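S.K.: My structure is below; once you've seen it, I'll send some questions.
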Amino acid sequence: MIQSTGQKILKVLLYIFLIVTAFLMLIPFVWMLSASLKLNKDVFTFPIQWIPSNPRWSNYAEIWERIPLATYFLNTVKLTLIVTILQLFTSSFAAYAFSKLEFKGKKALFLGYIATIAMPWQVYMVPQFIMMREMGLNNTHLAIIILQAFSAFGVFMMKQFYEGVPTELCEASRIDGMTEYGIWARIMLPLSKPALATLTIFTFVNTWNDFLGPYLYLTRDHLKTIQLGIRSFIGQYSSEYGLIMAASVVALIPVLVVFLALQKYFVEGVASSGLKG
């Protein structure tokens, strides 16, 4: 009975801690939403007025007129969708080969590829930029797509999931005459929906929020992403905080929608892929 009571108290304290932590993490987002509905002079008033007395909804209409936000938004959607689809394809395809096929040098190749995760992008950023420039891909979306279409992290995560699928299932399919491409498409992909959903969230969020990559390769205004667009707006109108916050809320909505749509697979995908914090 004492142990049971102690466990209940510990559980209650844990829940209180998690609730307080979640509340503290949400404060910046609530402030951003509140500031997006205020005049510039009211954004930094103290004490903070969390619910504006006269919400300025026109901020959300004005930001689309002050900068070509629609162009930035569509560019970001285009890049994010293409990169996400390509990463799902390349990561799952490579992961299947590393987990279910036998070929010479498989372990060395896999370890070498995964080792690139430990290498910061800043280390090979300059050689990568020179390579893209020599290929004539500066100021093209293709440069971003090529560089981000492959993910060592995605291969690792998908391979961890595929390791949990019985090899006997693949062997039985081979006996029935199914090709490796057929096994991957008809058996592995349908079974890996949780892992694919998890990888989709990671890839979508990283690509949507990427700033430095587009900043290096995209200098023309009609090619810029929404992150670059907001940064340009801050440079031109540094005091328009209400509009800046409105643009930030607009940029946050797609990420929130994708996460909410796939959240039921997220925990299952992380757990089944062996990724533990």
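Each chain in the structure tokens gets a letter, A, B, ..., in the order shown, and its residues are numbered from 1; ligands are numbered from 1 in order too.
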Please list as an MDAnalysis selection string every residue within 9 Å of range 172-184 of chain A, counting only C-alpha atoms and excluding residues in the same chain fewer than 3 positions away.
M.R.: chainID A and resid 92:93 96 101 167:169 187:190
S.K.: When you look at Val249 in chain A with a cut-off of 12 Å (counting only C-alpha atoms), what residues show up, excluding the ones that are within fewer than 3 positions of it in the same chain? I need them as a ChimeraX atom specification.
M.R.: /A:28-37,59-60,63,226-227,230,242-246,252-256
S.K.: Residues within 7 Å of range 113-116 of chain A, please, as a ChimeraX atom specification. Count only C-alpha atoms; anything in the same chain fewer than 4 positions from it doesn't count.
M.R.: /A:109,152,156
S.K.: Which neighbours of range 71-78 of chain A fall inside 12 Å, counting only C-alpha atoms, when residues of the same chain fewer than 6 positions from it are skipped, and could you give them as number ranges by chain?
M.R.: A: 64-65, 84-85, 140-142, 144-145, 204-211, 214, 218, 220-233, 247-248, 250-255
S.K.: Calculated over only C-alpha atoms, which of the candidates A:Tyr241, A:Tyr215, A:Tyr162, A:Phe23 has the smallest distance to Phe129 in chain A?
M.R.: A:Tyr215
S.K.: Using DSSP secondary structure from the backbone, list all alpha helix (DSSP H) positions within range 210-260 of chain A, as number ranges by chain.
M.R.: A: 212-217, 226-236, 241-260
S.K.: Produce a file of the selected residues containing N, CA and C atoms, as a short mmCIF file (atom, residue, chain, number, x, y, z; two decimals), in the first residue's frame.
M.R.:
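Final output, again.cif:
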```
data_model
loop_
_atom_site.label_atom_id
_atom_site.label_comp_id
_atom_site.auth_asym_id
_atom_site.auth_seq_id
_atom_site.Cartn_x
_atom_site.Cartn_y
_atom_site.Cartn_z
N LEU A 212 19.24 28.53 -44.03
CA LEU A 212 20.58 28.71 -44.54
C LEU A 212 20.75 28.15 -45.94
N GLY A 213 20.15 27.00 -46.22
CA GLY A 213 20.27 26.41 -47.55
C GLY A 213 19.72 27.34 -48.64
N PRO A 214 18.44 27.72 -48.56
CA PRO A 214 17.91 28.67 -49.55
C PRO A 214 18.64 30.01 -49.54
N TYR A 215 19.13 30.43 -48.38
CA TYR A 215 19.84 31.71 -48.28
C TYR A 215 21.12 31.69 -49.13
N LEU A 216 21.78 30.53 -49.21
CA LEU A 216 23.01 30.42 -49.99
C LEU A 216 22.74 30.35 -51.48
N TYR A 217 21.69 29.63 -51.87
CA TYR A 217 21.50 29.32 -53.28
C TYR A 217 20.44 30.16 -53.98
N ILE A 226 9.56 31.14 -47.85
CA ILE A 226 8.87 32.00 -46.91
C ILE A 226 9.78 32.45 -45.77
N GLN A 227 10.75 31.62 -45.40
CA GLN A 227 11.69 32.01 -44.35
C GLN A 227 12.57 33.18 -44.81
N LEU A 228 13.03 33.11 -46.05
CA LEU A 228 13.82 34.21 -46.60
C LEU A 228 12.96 35.45 -46.78
N GLY A 229 11.70 35.25 -47.15
CA GLY A 229 10.80 36.38 -47.34
C GLY A 229 10.56 37.13 -46.05
N ILE A 230 10.35 36.40 -44.96
CA ILE A 230 10.15 37.05 -43.66
C ILE A 230 11.42 37.78 -43.24
N ARG A 231 12.57 37.18 -43.50
CA ARG A 231 13.83 37.82 -43.15
C ARG A 231 14.02 39.11 -43.95
N SER A 232 13.66 39.08 -45.22
CA SER A 232 13.77 40.29 -46.05
C SER A 232 12.83 41.37 -45.54
N PHE A 233 11.64 40.97 -45.12
CA PHE A 233 10.67 41.94 -44.60
C PHE A 233 11.18 42.58 -43.32
N ILE A 234 11.81 41.77 -42.47
CA ILE A 234 12.38 42.32 -41.23
C ILE A 234 13.47 43.33 -41.54
N GLY A 235 14.26 43.05 -42.59
CA GLY A 235 15.31 43.98 -42.96
C GLY A 235 14.77 45.31 -43.48
N GLN A 236 13.62 45.26 -44.16
CA GLN A 236 13.05 46.47 -44.74
C GLN A 236 12.16 47.23 -43.74
N TYR A 241 6.36 45.02 -36.17
CA TYR A 241 6.34 43.76 -35.45
C TYR A 241 5.02 43.01 -35.57
N GLY A 242 3.93 43.74 -35.64
CA GLY A 242 2.63 43.09 -35.79
C GLY A 242 2.55 42.31 -37.09
N LEU A 243 3.05 42.91 -38.18
CA LEU A 243 3.04 42.23 -39.47
C LEU A 243 4.03 41.07 -39.50
N ILE A 244 5.18 41.27 -38.85
CA ILE A 244 6.18 40.20 -38.78
C ILE A 244 5.60 38.98 -38.06
N MET A 245 4.90 39.21 -36.97
CA MET A 245 4.30 38.11 -36.23
C MET A 245 3.17 37.45 -37.02
N ALA A 246 2.43 38.25 -37.79
CA ALA A 246 1.37 37.68 -38.63
C ALA A 246 1.97 36.76 -39.69
N ALA A 247 3.07 37.20 -40.30
CA ALA A 247 3.74 36.37 -41.30
C ALA A 247 4.29 35.09 -40.66
N SER A 248 4.77 35.19 -39.44
CA SER A 248 5.30 34.02 -38.74
C SER A 248 4.20 33.01 -38.44
N VAL A 249 3.02 33.51 -38.08
CA VAL A 249 1.88 32.61 -37.82
C VAL A 249 1.48 31.90 -39.11
N VAL A 250 1.46 32.63 -40.22
CA VAL A 250 1.13 32.03 -41.52
C VAL A 250 2.13 30.93 -41.87
N ALA A 251 3.41 31.18 -41.59
CA ALA A 251 4.45 30.19 -41.88
C ALA A 251 4.34 28.96 -40.99
N LEU A 252 3.76 29.13 -39.82
CA LEU A 252 3.66 28.02 -38.86
C LEU A 252 2.50 27.08 -39.17
N ILE A 253 1.46 27.58 -39.82
CA ILE A 253 0.23 26.81 -40.01
C ILE A 253 0.46 25.49 -40.76
N PRO A 254 1.16 25.46 -41.91
CA PRO A 254 1.34 24.18 -42.61
C PRO A 254 2.05 23.12 -41.77
N VAL A 255 3.05 23.53 -41.01
CA VAL A 255 3.77 22.58 -40.16
C VAL A 255 2.83 22.00 -39.11
N LEU A 256 2.01 22.86 -38.53
CA LEU A 256 1.05 22.42 -37.52
C LEU A 256 0.04 21.46 -38.11
N VAL A 257 -0.44 21.74 -39.31
CA VAL A 257 -1.43 20.88 -39.96
C VAL A 257 -0.84 19.50 -40.24
N VAL A 258 0.38 19.45 -40.77
CA VAL A 258 1.03 18.17 -41.08
C VAL A 258 1.25 17.36 -39.81
N PHE A 259 1.71 18.02 -38.76
CA PHE A 259 1.97 17.29 -37.51
C PHE A 259 0.68 16.73 -36.92
N LEU A 260 -0.37 17.54 -36.89
CA LEU A 260 -1.65 17.07 -36.33
C LEU A 260 -2.24 15.94 -37.17
#
```
S.K.: Could you check how far CA of Ala261 in chain A sits from CA of Ser151 in chain A, in Å to one decimal?
M.R.: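 Atom-to-atom, CA of Ala261 in chain A to CA of Ser151 in chain A, that is 22.8 Å.
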S.K.: CA of Phe89 in chain A and CA of Lys159 in chain A are how many Å apart?
M.R.: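 Between CA of Phe89 in chain A and CA of Lys159 in chain A the gap works out to 13.0 Å.
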S.K.: Which one of A:Thr45, A:Gln7, A:Thr203, A:Ser192 sits closest to Gly154 in chain A if you count only C-alpha atoms?
M.R.: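 Closest candidate: A:Thr203.
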S.K.: With distances taken over only C-alpha atoms, which of A:Ile27, A:Met157, A:Ile201, A:Ala94 is nearest to Trp50 in chain A?
M.R.: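 Under the stated criterion, the closest residue is A:Ile27.
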